[in-house]
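Novice: This is my_file.csv (CSV, C-alpha atoms).
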```
chain,number,residue,atom,x,y,z
A,1,MET,CA,47.5,-28.7,193.5
A,2,PRO,CA,44.4,-26.6,192.8
A,3,GLU,CA,45.0,-23.3,191.1
A,4,THR,CA,44.3,-20.3,193.4
A,5,GLU,CA,42.1,-17.4,192.4
A,6,ALA,CA,45.2,-15.2,192.3
A,7,ALA,CA,47.1,-17.5,190.0
A,8,ARG,CA,44.2,-18.1,187.6
A,9,PRO,CA,44.6,-16.2,184.4
A,10,THR,CA,42.4,-13.2,183.8
A,11,PRO,CA,40.4,-13.8,180.7
A,12,GLY,CA,41.7,-11.9,177.7
A,13,THR,CA,45.0,-10.9,179.3
A,14,HIS,CA,47.3,-13.9,178.5
A,15,LYS,CA,48.5,-14.8,175.0
A,16,PRO,CA,49.4,-18.1,173.5
A,17,THR,CA,52.5,-18.9,171.5
A,18,LEU,CA,52.0,-18.9,167.8
A,19,ARG,CA,52.5,-22.7,167.8
A,20,THR,CA,49.9,-23.2,170.4
A,21,LEU,CA,47.5,-20.9,168.7
A,22,GLY,CA,48.0,-22.6,165.3
A,23,TRP,CA,47.5,-26.1,166.8
A,24,LEU,CA,44.3,-25.1,168.7
A,25,VAL,CA,42.8,-23.4,165.6
A,26,CYS,CA,43.8,-26.3,163.4
A,27,TYR,CA,42.3,-28.9,165.8
A,28,ASP,CA,39.1,-27.0,166.5
A,29,VAL,CA,38.2,-25.9,163.0
A,30,ASN,CA,39.2,-29.2,161.2
A,31,ARG,CA,37.6,-31.6,163.6
A,32,THR,CA,34.1,-30.3,162.9
A,33,LEU,CA,32.2,-29.2,159.9
A,34,GLY,CA,33.2,-25.6,160.6
A,35,GLY,CA,30.8,-22.7,161.2
A,36,ILE,CA,29.4,-21.9,164.6
A,37,ALA,CA,30.4,-25.2,166.0
A,38,SER,CA,34.1,-24.4,165.3
A,39,MET,CA,33.7,-21.0,166.8
A,40,GLU,CA,32.2,-22.4,169.9
A,41,LEU,CA,35.0,-25.0,170.2
A,42,LEU,CA,37.5,-22.1,169.9
A,43,ARG,CA,35.7,-20.1,172.5
A,44,ARG,CA,35.9,-23.0,174.9
A,45,SER,CA,39.5,-23.9,174.2
A,46,LEU,CA,40.9,-20.3,174.3
A,47,GLY,CA,38.5,-19.2,177.0
A,48,ALA,CA,39.5,-22.0,179.3
A,49,ARG,CA,43.1,-20.8,179.0
A,50,GLY,CA,42.2,-17.2,179.6
A,51,TRP,CA,43.1,-16.1,176.1
A,52,MET,CA,39.6,-15.0,175.0
A,53,THR,CA,36.6,-13.4,176.7
A,54,ASP,CA,33.0,-14.2,175.9
A,55,GLU,CA,32.6,-10.5,174.9
A,56,GLY,CA,35.6,-10.9,172.5
A,57,HIS,CA,34.0,-14.1,171.1
A,58,ALA,CA,30.6,-12.3,170.5
A,59,LEU,CA,32.4,-9.4,168.7
A,60,PHE,CA,34.4,-11.8,166.5
A,61,VAL,CA,31.2,-13.8,165.6
A,62,ALA,CA,29.4,-10.6,164.7
A,63,ILE,CA,32.2,-9.2,162.6
A,64,SER,CA,33.0,-12.5,160.9
A,65,ARG,CA,29.3,-12.6,159.8
A,66,LEU,CA,29.8,-9.2,158.1
A,67,THR,CA,33.1,-10.0,156.5
A,68,PRO,CA,33.0,-11.2,152.9
A,69,GLY,CA,33.9,-14.8,152.3
A,70,THR,CA,33.9,-17.7,154.7
A,71,ASN,CA,32.8,-16.7,158.2
A,72,ILE,CA,35.0,-19.2,160.2
A,73,LEU,CA,38.1,-18.0,158.4
A,74,ALA,CA,37.3,-14.3,159.2
A,75,TYR,CA,36.7,-15.4,162.8
A,76,CYS,CA,40.1,-17.0,163.0
A,77,VAL,CA,41.8,-14.0,161.5
A,78,ALA,CA,40.2,-11.7,164.0
A,79,LEU,CA,41.1,-14.1,166.8
A,80,GLY,CA,44.7,-14.3,165.6
A,81,TRP,CA,45.0,-10.6,165.1
A,82,GLN,CA,43.7,-9.9,168.6
A,83,LEU,CA,46.3,-12.3,170.1
A,84,ALA,CA,49.4,-11.7,168.0
A,85,HIS,CA,48.6,-9.1,165.3
A,86,TRP,CA,49.8,-10.1,161.8
A,87,ARG,CA,51.7,-13.2,162.8
A,88,GLY,CA,48.7,-14.4,164.8
A,89,ALA,CA,46.3,-13.7,161.9
A,90,ILE,CA,48.4,-15.5,159.3
A,91,VAL,CA,49.0,-18.5,161.6
A,92,SER,CA,45.3,-18.8,162.4
A,93,LEU,CA,44.3,-18.4,158.8
A,94,ALA,CA,46.7,-21.0,157.6
A,95,ALA,CA,45.9,-23.5,160.4
A,96,ALA,CA,42.1,-23.1,159.7
A,97,SER,CA,42.3,-23.4,155.9
A,98,ILE,CA,45.3,-25.6,154.8
A,99,PRO,CA,44.4,-29.0,156.2
A,100,ALA,CA,40.9,-28.9,154.7
A,101,SER,CA,42.2,-27.6,151.4
A,102,ILE,CA,44.7,-30.4,151.1
A,103,LEU,CA,42.1,-33.0,151.8
A,104,ILE,CA,39.7,-31.5,149.3
A,105,THR,CA,42.3,-31.3,146.6
A,106,LEU,CA,43.2,-35.0,147.2
A,107,LEU,CA,39.5,-35.9,147.1
A,108,SER,CA,39.0,-34.0,143.9
A,109,ALA,CA,42.0,-35.7,142.3
A,110,THR,CA,40.7,-39.1,143.4
A,111,LEU,CA,37.2,-38.3,142.1
A,112,THR,CA,38.4,-37.3,138.6
A,113,ARG,CA,40.1,-40.7,138.3
A,114,ILE,CA,37.2,-42.9,139.5
A,115,ASP,CA,34.0,-41.0,138.5
A,116,GLN,CA,33.4,-43.1,135.4
A,117,PHE,CA,32.7,-46.2,137.5
A,118,PRO,CA,28.9,-46.8,137.7
A,119,VAL,CA,29.0,-47.4,141.5
A,120,VAL,CA,30.9,-44.2,142.0
A,121,ARG,CA,28.5,-42.2,139.9
A,122,ALA,CA,25.5,-43.7,141.8
A,123,ILE,CA,27.1,-42.6,145.1
A,124,ILE,CA,27.8,-39.1,143.6
A,125,ALA,CA,24.2,-38.8,142.4
A,126,ILE,CA,22.9,-39.5,145.9
A,127,ALA,CA,25.5,-37.3,147.5
A,128,LEU,CA,24.4,-34.5,145.1
A,129,ILE,CA,20.9,-34.6,146.4
A,130,VAL,CA,22.2,-34.4,150.0
A,131,ALA,CA,24.5,-31.5,149.0
A,132,THR,CA,21.6,-29.7,147.4
A,133,LEU,CA,19.6,-30.0,150.6
A,134,LEU,CA,22.6,-28.7,152.6
A,135,VAL,CA,22.9,-25.7,150.4
A,136,LEU,CA,19.2,-25.1,150.8
A,137,ALA,CA,19.7,-25.3,154.6
A,138,THR,CA,22.5,-22.7,154.3
A,139,ALA,CA,20.4,-20.3,152.3
A,140,TRP,CA,17.5,-20.7,154.8
A,141,ASN,CA,19.9,-20.2,157.7
A,142,LEU,CA,21.0,-16.9,156.1
A,143,LEU,CA,17.5,-15.7,155.4
A,144,ARG,CA,15.7,-16.8,158.6
A,145,PRO,CA,16.7,-13.8,160.8
A,146,TYR,CA,15.4,-11.4,158.2
A,147,ILE,CA,11.9,-12.8,157.8
A,148,LYS,CA,10.8,-12.1,161.3
A,149,GLY,CA,8.7,-9.2,162.6
A,150,GLY,CA,8.9,-5.9,160.7
A,151,ASN,CA,11.7,-7.1,158.4
A,152,ALA,CA,9.5,-9.6,156.5
A,153,VAL,CA,8.1,-7.2,154.0
A,154,ARG,CA,11.4,-5.6,153.3
A,155,THR,CA,13.0,-9.0,152.8
A,156,GLY,CA,10.2,-10.0,150.5
A,157,ILE,CA,10.8,-7.0,148.4
A,158,ILE,CA,14.5,-7.6,148.2
A,159,ALA,CA,13.9,-11.3,147.4
A,160,ALA,CA,11.5,-10.4,144.6
A,161,VAL,CA,13.9,-7.9,143.1
A,162,VAL,CA,16.8,-10.4,143.2
A,163,ILE,CA,14.7,-13.1,141.6
A,164,VAL,CA,13.6,-10.8,138.8
A,165,LEU,CA,17.2,-9.6,138.2
A,166,ALA,CA,18.5,-13.2,138.2
A,167,LEU,CA,15.8,-14.2,135.7
A,168,MET,CA,17.0,-11.3,133.5
A,169,ASN,CA,20.5,-12.8,133.7
A,170,VAL,CA,22.0,-9.9,135.6
A,171,THR,CA,25.3,-11.0,137.2
A,172,PRO,CA,25.4,-11.8,140.9
A,173,VAL,CA,27.8,-8.9,141.7
A,174,ARG,CA,25.5,-6.4,140.1
A,175,ILE,CA,22.5,-7.9,141.9
A,176,LEU,CA,24.4,-7.5,145.3
A,177,LEU,CA,25.2,-3.9,144.4
A,178,VAL,CA,21.5,-3.2,143.7
A,179,ALA,CA,20.6,-4.8,147.0
A,180,ALA,CA,23.1,-2.7,148.9
A,181,ALA,CA,21.7,0.5,147.2
A,182,PHE,CA,18.2,-0.7,148.1
A,183,GLY,CA,19.3,-1.2,151.7
A,184,VAL,CA,20.6,2.4,151.9
A,185,VAL,CA,17.4,3.9,150.7
A,186,MET,CA,15.1,1.6,152.6
A,187,PRO,CA,16.5,1.0,156.1
A,188,SER,CA,15.4,-2.0,158.2
A,189,PRO,CA,12.3,-1.3,160.4
A,190,ALA,CA,13.8,-3.6,163.0
A,191,ALA,CA,17.3,-4.8,163.6
A,192,PRO,CA,17.5,-8.5,162.9
A,193,PRO,CA,19.3,-10.8,165.4
A,194,VAL,CA,22.7,-11.9,164.4
A,195,ALA,CA,22.3,-14.8,162.0
A,196,GLU,CA,24.0,-18.1,162.8
A,197,PRO,CA,27.1,-18.0,160.7
A,198,ASP,CA,27.7,-20.3,157.9
A,199,ARG,CA,31.0,-22.0,157.8
B,1,MET,CA,42.4,-20.1,131.7
B,2,SER,CA,45.5,-18.7,133.4
B,3,ILE,CA,46.1,-19.2,137.1
B,4,VAL,CA,45.9,-15.4,137.7
B,5,ALA,CA,42.6,-15.2,135.9
B,6,LEU,CA,41.3,-18.2,137.9
B,7,TYR,CA,42.4,-16.5,141.1
B,8,LEU,CA,40.8,-13.2,140.2
B,9,LEU,CA,37.5,-14.8,139.2
B,10,LEU,CA,37.3,-16.9,142.3
B,11,LEU,CA,38.3,-13.8,144.4
B,12,LYS,CA,35.4,-11.9,142.8
B,13,ALA,CA,33.1,-14.7,143.9
B,14,THR,CA,34.4,-15.0,147.4
B,15,VAL,CA,34.7,-11.3,148.1
B,16,THR,CA,31.1,-10.7,147.1
B,17,SER,CA,29.6,-13.5,149.3
B,18,PHE,CA,28.8,-13.5,153.0
B,19,ALA,CA,28.8,-17.3,153.7
B,20,GLY,CA,30.9,-20.3,152.7
B,21,MET,CA,28.4,-21.3,150.0
B,22,GLY,CA,27.4,-17.8,149.1
B,23,SER,CA,29.9,-17.7,146.3
B,24,LEU,CA,28.2,-20.5,144.4
B,25,PRO,CA,26.0,-18.3,142.0
B,26,GLN,CA,28.9,-16.1,140.9
B,27,ILE,CA,31.2,-19.1,140.4
B,28,ARG,CA,28.6,-20.8,138.3
B,29,GLN,CA,28.2,-17.6,136.3
B,30,ASP,CA,31.9,-17.2,135.6
B,31,PHE,CA,33.2,-20.8,135.4
B,32,VAL,CA,30.3,-22.7,133.9
B,33,VAL,CA,28.2,-20.1,131.9
B,34,THR,CA,30.8,-17.4,130.8
B,35,HIS,CA,34.1,-19.3,130.4
B,36,GLY,CA,32.9,-22.9,130.3
B,37,VAL,CA,36.0,-24.2,132.1
B,38,ILE,CA,34.0,-26.6,134.3
B,39,THR,CA,30.6,-28.3,133.9
B,40,ASP,CA,27.6,-28.0,136.1
B,41,GLU,CA,28.3,-31.6,137.1
B,42,GLN,CA,31.8,-30.7,138.3
B,43,LEU,CA,30.4,-27.7,140.2
B,44,SER,CA,28.0,-30.0,142.0
B,45,GLN,CA,30.8,-32.5,142.6
B,46,ALA,CA,32.9,-29.7,144.2
B,47,VAL,CA,30.0,-28.9,146.5
B,48,VAL,CA,29.7,-32.6,147.5
B,49,ILE,CA,33.5,-32.8,148.2
B,50,GLY,CA,33.4,-29.5,150.1
B,51,ARG,CA,30.6,-30.7,152.3
B,52,SER,CA,32.1,-34.1,152.8
B,53,ALA,CA,35.4,-32.9,154.2
B,54,PRO,CA,35.8,-31.3,157.7
B,55,GLY,CA,36.7,-27.7,157.9
B,56,PRO,CA,35.3,-24.5,156.3
B,57,VAL,CA,32.5,-25.0,153.8
B,58,GLY,CA,34.0,-22.3,151.7
B,59,ALA,CA,36.9,-24.7,151.0
B,60,TYR,CA,34.8,-26.2,148.2
B,61,VAL,CA,36.3,-23.5,146.0
B,62,VAL,CA,39.6,-25.4,146.2
B,63,ALA,CA,37.9,-28.3,144.4
B,64,ILE,CA,36.6,-25.8,141.8
B,65,GLY,CA,40.2,-24.6,141.4
B,66,TYR,CA,41.5,-28.1,141.0
B,67,PHE,CA,38.8,-29.0,138.4
B,68,ALA,CA,39.6,-25.8,136.4
B,69,GLY,CA,43.4,-25.7,136.7
B,70,GLY,CA,44.8,-28.8,138.4
B,71,TRP,CA,47.1,-28.5,141.4
B,72,SER,CA,48.1,-24.9,140.7
B,73,GLY,CA,44.4,-24.1,140.3
B,74,ALA,CA,43.8,-25.5,143.7
B,75,ILE,CA,46.5,-23.3,145.2
B,76,ALA,CA,45.0,-20.2,143.4
B,77,ALA,CA,41.6,-21.2,144.8
B,78,TRP,CA,43.0,-21.5,148.3
B,79,LEU,CA,44.4,-18.0,148.0
B,80,ALA,CA,41.1,-16.7,146.7
B,81,MET,CA,39.4,-18.3,149.6
B,82,ILE,CA,41.6,-16.9,152.3
B,83,THR,CA,42.1,-13.4,150.9
B,84,PRO,CA,38.6,-12.0,151.9
B,85,ALA,CA,39.1,-13.2,155.5
B,86,LEU,CA,41.9,-10.7,155.9
B,87,LEU,CA,39.4,-7.9,155.4
B,88,VAL,CA,38.2,-8.6,158.9
B,89,ILE,CA,41.2,-6.6,160.2
B,90,PRO,CA,40.2,-3.2,158.8
B,91,LEU,CA,36.6,-4.1,159.4
B,92,LEU,CA,37.3,-4.5,163.1
B,93,THR,CA,38.2,-0.8,163.1
B,94,LEU,CA,35.7,0.5,160.6
B,95,LEU,CA,32.6,-1.4,161.9
B,96,ARG,CA,33.3,-0.2,165.4
B,97,ARG,CA,33.0,3.3,164.0
B,98,PHE,CA,30.2,3.0,161.4
B,99,LEU,CA,28.0,-0.1,162.0
B,100,HIS,CA,25.8,1.7,164.4
B,101,LEU,CA,24.7,3.9,161.5
B,102,PRO,CA,21.2,2.6,160.4
B,103,ARG,CA,21.8,3.0,156.7
B,104,VAL,CA,25.2,1.1,156.8
B,105,ARG,CA,23.6,-1.7,158.8
B,106,ALA,CA,20.6,-1.8,156.4
B,107,ALA,CA,22.9,-2.0,153.3
B,108,VAL,CA,24.8,-4.9,154.9
B,109,ASP,CA,21.5,-6.7,155.8
B,110,ALA,CA,20.2,-6.2,152.3
B,111,VAL,CA,23.3,-7.7,150.7
B,112,VAL,CA,23.0,-10.7,153.1
B,113,VAL,CA,19.4,-11.2,152.1
B,114,ALA,CA,20.2,-10.9,148.4
B,115,SER,CA,23.0,-13.4,148.8
B,116,ALA,CA,20.7,-15.9,150.4
B,117,VAL,CA,18.1,-15.6,147.6
B,118,LEU,CA,20.8,-16.0,145.0
B,119,LEU,CA,21.9,-19.2,146.8
B,120,LEU,CA,18.3,-20.4,146.6
B,121,THR,CA,18.4,-19.9,142.8
B,122,SER,CA,21.5,-22.0,142.7
B,123,VAL,CA,19.7,-24.7,144.7
B,124,VAL,CA,17.1,-25.0,141.9
B,125,ARG,CA,19.9,-25.6,139.3
B,126,MET,CA,21.6,-28.1,141.6
B,127,ALA,CA,18.4,-30.0,142.2
B,128,ILE,CA,17.8,-30.2,138.4
B,129,ASP,CA,21.3,-31.5,137.9
B,130,SER,CA,20.9,-34.0,140.8
B,131,PHE,CA,17.8,-35.5,139.4
B,132,GLU,CA,19.2,-35.5,135.9
B,133,MET,CA,22.2,-37.4,137.1
B,134,LEU,CA,20.0,-39.8,139.1
B,135,ARG,CA,18.0,-40.5,136.0
B,136,ARG,CA,21.1,-41.2,133.9
B,137,VAL,CA,22.6,-43.6,136.6
B,138,PHE,CA,19.4,-45.4,137.6
B,139,GLY,CA,17.2,-44.9,134.5
```
Transcribe the structure of this file into structure tokens.

Specialist:
Amino acid sequence: MPETEAARPTPGTHKPTLRTLGWLVCYDVNRTLGGIASMELLRRSLGARGWMTDEGHALFVAISRLTPGTNILAYCVALGWQLAHWRGAIVSLAAASIPASILITLLSATLTRIDQFPVVRAIIAIALIVATLLVLATAWNLLRPYIKGGNAVRTGIIAAVVIVLALMNVTPVRILLVAAAFGVVMPSPAAPPVAEPDR
Amino acid sequence: MSIVALYLLLLKATVTSFAGMGSLPQIRQDFVVTHGVITDEQLSQAVVIGRSAPGPVGAYVVAIGYFAGGWSGAIAAWLAMITPALLVIPLLTLLRRFLHLPRVRAAVDAVVVASAVLLLTSVVRMAIDSFEMLRRVFG
């Protein structure tokens, strides 16, 4: 029997059980390569059930982008917090991170046992090139929104300062602090669009 | 290296990055250059493993933890990976209040740009290692 308008849940007003929340987060985050794809899957899964609005999704994407660490994990914590406070945040975080972490540990353990075989080393060598290109893509994805319009010169200056400091063997933390101070004294001429989050 | 030290070093890397792979330069600095607990090759392998598995890209730090400290190192790394995500809760409140301020926004933007450029410098190192390994395997 089709659901009536009155019976249809109002977006953002219903809440899932912790078990359902955990399952949905686990399934959506760990069936993709993370990032914006996982966020979109979560938006669809939870939105279809009336547990999240598009506005809530947009807010979580923006805030996860500004939270240190892995964006998809921050997104999941924000989502869980919104739905069930601390319990929701912890369940979401565990569901998003534990399966991948177990798999990666097992892969690491396996690799340390077989990486002396020539065939394995050849595969790793090729995979390293692919991984290098993927890291390059990540860096470009981060940088891209900041090289458009009036922000290009400012971005160029920051990049030059960072490269010089890196060549002087200044540690990354200190370089980031210098960048933050630079940002305070030289505000952006134009607000960049929200970058596509990395995973 | 003790597990606590491993956790704190990885936490320093994850809490000062704004993307899954953004922690790479700091991890290389601490684990390869300063303490020498893993090699550049292991660092690259961790990246390969992280990008091969589904789920968050930032989970590559778990492989770093395993290479540096075995199973307990992997657990410490997992904790270091998830800890910064919890900062989103106070940030939800703080950012609603302060992010509209131009200088706060500009500082955050500058850190993201610097993080991306640092990542590019890591790419150079990874590319050199990749070709070096290819040369050893096929040369």

Novice: Fewer than 3 positions away in the same chain doesn't count, so skip those; otherwise give me all residues within 9 Å of range 122-126 of chain B, counting only C-alpha atoms, as a VMD selection string.

Specialist: (chain A and resid 128 to 129 131 to 133 135 to 136 139) or (chain B and resid 24 to 25 28 40 to 41 43 to 44 117 to 119 129 to 131)

Novice: Quick one: of A:Leu59, A:Ala100, A:Ile147, A:Leu165, who's nearest to chain B, counting all atoms listed in the file?

Specialist: A:Ala100

Novice: Sort by chain and increasing residue number a table of all residues of chain A within 7 Å of chain B, each with its closest pair of atoms and their distance in Å to one decimal, counting all atoms listed in the file, and write it as a tab-separated table.

Specialist:
```
residue	atom	partner	partner_atom	distance
A:Val29	CA	B:Gly55	CA	5.6
A:Asn30	CA	B:Gly55	CA	4.4
A:Arg31	CA	B:Pro54	CA	6.2
A:Thr32	CA	B:Pro54	CA	5.6
A:Leu33	CA	B:Pro54	CA	4.7
A:Gly34	CA	B:Gly55	CA	4.9
A:Gly35	CA	B:Pro56	CA	6.9
A:Ile63	CA	B:Leu92	CA	7.0
A:Ser64	CA	B:Val88	CA	6.8
A:Arg65	CA	B:Phe18	CA	6.9
A:Leu66	CA	B:Phe18	CA	6.7
A:Thr67	CA	B:Val88	CA	5.8
A:Pro68	CA	B:Phe18	CA	4.8
A:Gly69	CA	B:Thr14	CA	4.9
A:Thr70	CA	B:Gly20	CA	4.4
A:Asn71	CA	B:Ala19	CA	6.1
A:Ile72	CA	B:Pro56	CA	6.6
A:Leu73	CA	B:Ala85	CA	5.7
A:Ala74	CA	B:Ala85	CA	4.3
A:Val77	CA	B:Leu86	CA	6.5
A:Ala78	CA	B:Val88	CA	6.3
A:Ala100	CA	B:Gly55	CA	5.4
A:Ser101	CA	B:Ala59	CA	6.1
A:Ile104	CA	B:Ala63	CA	6.1
A:Thr105	CA	B:Ala63	CA	5.8
A:Leu107	CA	B:Ile49	CA	6.8
A:Ser108	CA	B:Ala63	CA	5.8
A:Arg121	CA	B:Val137	CA	6.9
A:Ala122	CA	B:Val137	CA	6.0
A:Ala125	CA	B:Leu134	CA	5.4
A:Ala127	CA	B:Val48	CA	6.3
A:Leu128	CA	B:Ser130	CA	5.6
A:Ile129	CA	B:Ser130	CA	5.6
A:Ala131	CA	B:Val48	CA	5.5
A:Thr132	CA	B:Val123	CA	6.0
A:Val135	CA	B:Val123	CA	6.6
A:Leu136	CA	B:Val123	CA	6.1
A:Ala139	CA	B:Ala116	CA	4.8
A:Leu142	CA	B:Ala116	CA	5.8
A:Leu143	CA	B:Val113	CA	5.9
A:Thr155	CA	B:Val113	CA	6.8
A:Ile158	CA	B:Ala114	CA	6.6
A:Ala159	CA	B:Val117	CA	6.0
A:Val162	CA	B:Ala114	CA	6.2
A:Pro172	CA	B:Gln26	CA	5.5
A:Val173	CA	B:Thr16	CA	6.6
A:Leu176	CA	B:Val111	CA	5.5
A:Ala179	CA	B:Val111	CA	5.4
A:Ala180	CA	B:Ala107	CA	4.5
A:Ala181	CA	B:Ala107	CA	6.7
A:Gly183	CA	B:Ala107	CA	4.0
A:Val184	CA	B:Arg103	CA	5.0
A:Pro187	CA	B:Ala106	CA	5.0
A:Ser188	CA	B:Ala106	CA	5.5
A:Asp198	CA	B:Ala19	CA	5.3
A:Arg199	CA	B:Pro56	CA	5.2
```

Novice: Between CA of Ser2 in chain B and CA of Gly36 in chain B, what is the distance in Å, rounded to a tenth?

Specialist: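 The value is 13.6 Å.
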
Novice: Just give me the gap between CA of Ala94 in chain A and CA of Thr112 in chain A in Å, one decimal is fine.

Specialist: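 It comes out at 26.4 Å.
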
Novice: So how far away is CA of Pro145 in chain A from CA of Glu40 in chain A, in Å?

Specialist: 19.9 Å

Novice: Which residues are near Leu83 in chain A? Cut-off 12 Å, all atoms listed in the file, ignore same chain within fewer than 6 positions. Put them as a ChimeraX atom specification.

Specialist: /A:12-18,20-22,46,50-53,56,76-77,89-92

Novice: For His35 in chain B, which residue out of B:Gly69, B:Ala76, B:Phe98, B:Met1 is the nearest one, using all atoms listed in the file?

Specialist: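 Using all atoms listed in the file, the shortest distance to His35 in chain B belongs to B:Met1.
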
Novice: Tell me which residues come within 7 Å of (36.1, -15.5, 169.6), as a count of residues only, counting only C-alpha atoms in the file's coordinates.

Specialist: 11

Novice: With all atoms listed in the file as the atoms that count, which of A:Met186, A:Leu103, A:Leu93, A:Ala84 lies nearest to Trp23 in chain A?

Specialist: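 Nearest to Trp23 in chain A: A:Leu93.
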
Novice: Where atoms are missing, can you supply N, CA and C atoms for range 69-90 of chain A and output the lot as a tab-separated table (two decimals), in the frame of the given file?

Specialist:
```
chain	number	residue	atom	x	y	z
A	69	GLY	N	33.21	-13.55	152.32
A	69	GLY	CA	33.90	-14.80	152.30
A	69	GLY	C	33.40	-15.78	153.38
A	70	THR	N	34.28	-16.69	153.76
A	70	THR	CA	33.90	-17.70	154.70
A	70	THR	C	34.02	-17.23	156.14
A	71	ASN	N	32.92	-17.33	156.87
A	71	ASN	CA	32.80	-16.70	158.20
A	71	ASN	C	33.89	-17.29	159.17
A	72	ILE	N	34.08	-18.59	159.18
A	72	ILE	CA	35.00	-19.20	160.20
A	72	ILE	C	36.44	-18.69	159.92
A	73	LEU	N	36.78	-18.45	158.66
A	73	LEU	CA	38.10	-18.00	158.40
A	73	LEU	C	38.30	-16.52	158.88
A	74	ALA	N	37.27	-15.70	158.69
A	74	ALA	CA	37.30	-14.30	159.20
A	74	ALA	C	37.41	-14.34	160.73
A	75	TYR	N	36.67	-15.24	161.33
A	75	TYR	CA	36.70	-15.40	162.80
A	75	TYR	C	38.13	-15.69	163.25
A	76	CYS	N	38.76	-16.63	162.57
A	76	CYS	CA	40.10	-17.00	163.00
A	76	CYS	C	41.12	-15.91	162.76
A	77	VAL	N	40.95	-15.14	161.69
A	77	VAL	CA	41.80	-14.00	161.50
A	77	VAL	C	41.67	-12.97	162.58
A	78	ALA	N	40.43	-12.67	162.92
A	78	ALA	CA	40.20	-11.70	164.00
A	78	ALA	C	40.78	-12.19	165.31
A	79	LEU	N	40.59	-13.47	165.55
A	79	LEU	CA	41.10	-14.10	166.80
A	79	LEU	C	42.67	-13.97	166.80
A	80	GLY	N	43.29	-14.35	165.70
A	80	GLY	CA	44.70	-14.30	165.60
A	80	GLY	C	45.28	-12.89	165.73
A	81	TRP	N	44.54	-11.97	165.08
A	81	TRP	CA	45.00	-10.60	165.10
A	81	TRP	C	44.90	-10.03	166.53
A	82	GLN	N	43.85	-10.38	167.23
A	82	GLN	CA	43.70	-9.90	168.60
A	82	GLN	C	44.81	-10.42	169.51
A	83	LEU	N	45.26	-11.65	169.24
A	83	LEU	CA	46.30	-12.30	170.10
A	83	LEU	C	47.70	-11.95	169.74
A	84	ALA	N	47.96	-11.86	168.44
A	84	ALA	CA	49.40	-11.70	168.00
A	84	ALA	C	49.49	-10.90	166.72
A	85	HIS	N	48.56	-10.01	166.46
A	85	HIS	CA	48.60	-9.10	165.30
A	85	HIS	C	48.82	-9.95	163.99
A	86	TRP	N	49.66	-9.43	163.08
A	86	TRP	CA	49.80	-10.10	161.80
A	86	TRP	C	50.22	-11.51	161.82
A	87	ARG	N	51.19	-11.77	162.68
A	87	ARG	CA	51.70	-13.20	162.80
A	87	ARG	C	50.56	-14.09	163.25
A	88	GLY	N	49.82	-13.64	164.24
A	88	GLY	CA	48.70	-14.40	164.80
A	88	GLY	C	47.64	-14.65	163.71
A	89	ALA	N	47.32	-13.58	162.96
A	89	ALA	CA	46.30	-13.70	161.90
A	89	ALA	C	46.68	-14.67	160.85
A	90	ILE	N	47.94	-14.60	160.42
A	90	ILE	CA	48.40	-15.50	159.30
A	90	ILE	C	48.46	-16.94	159.82
```
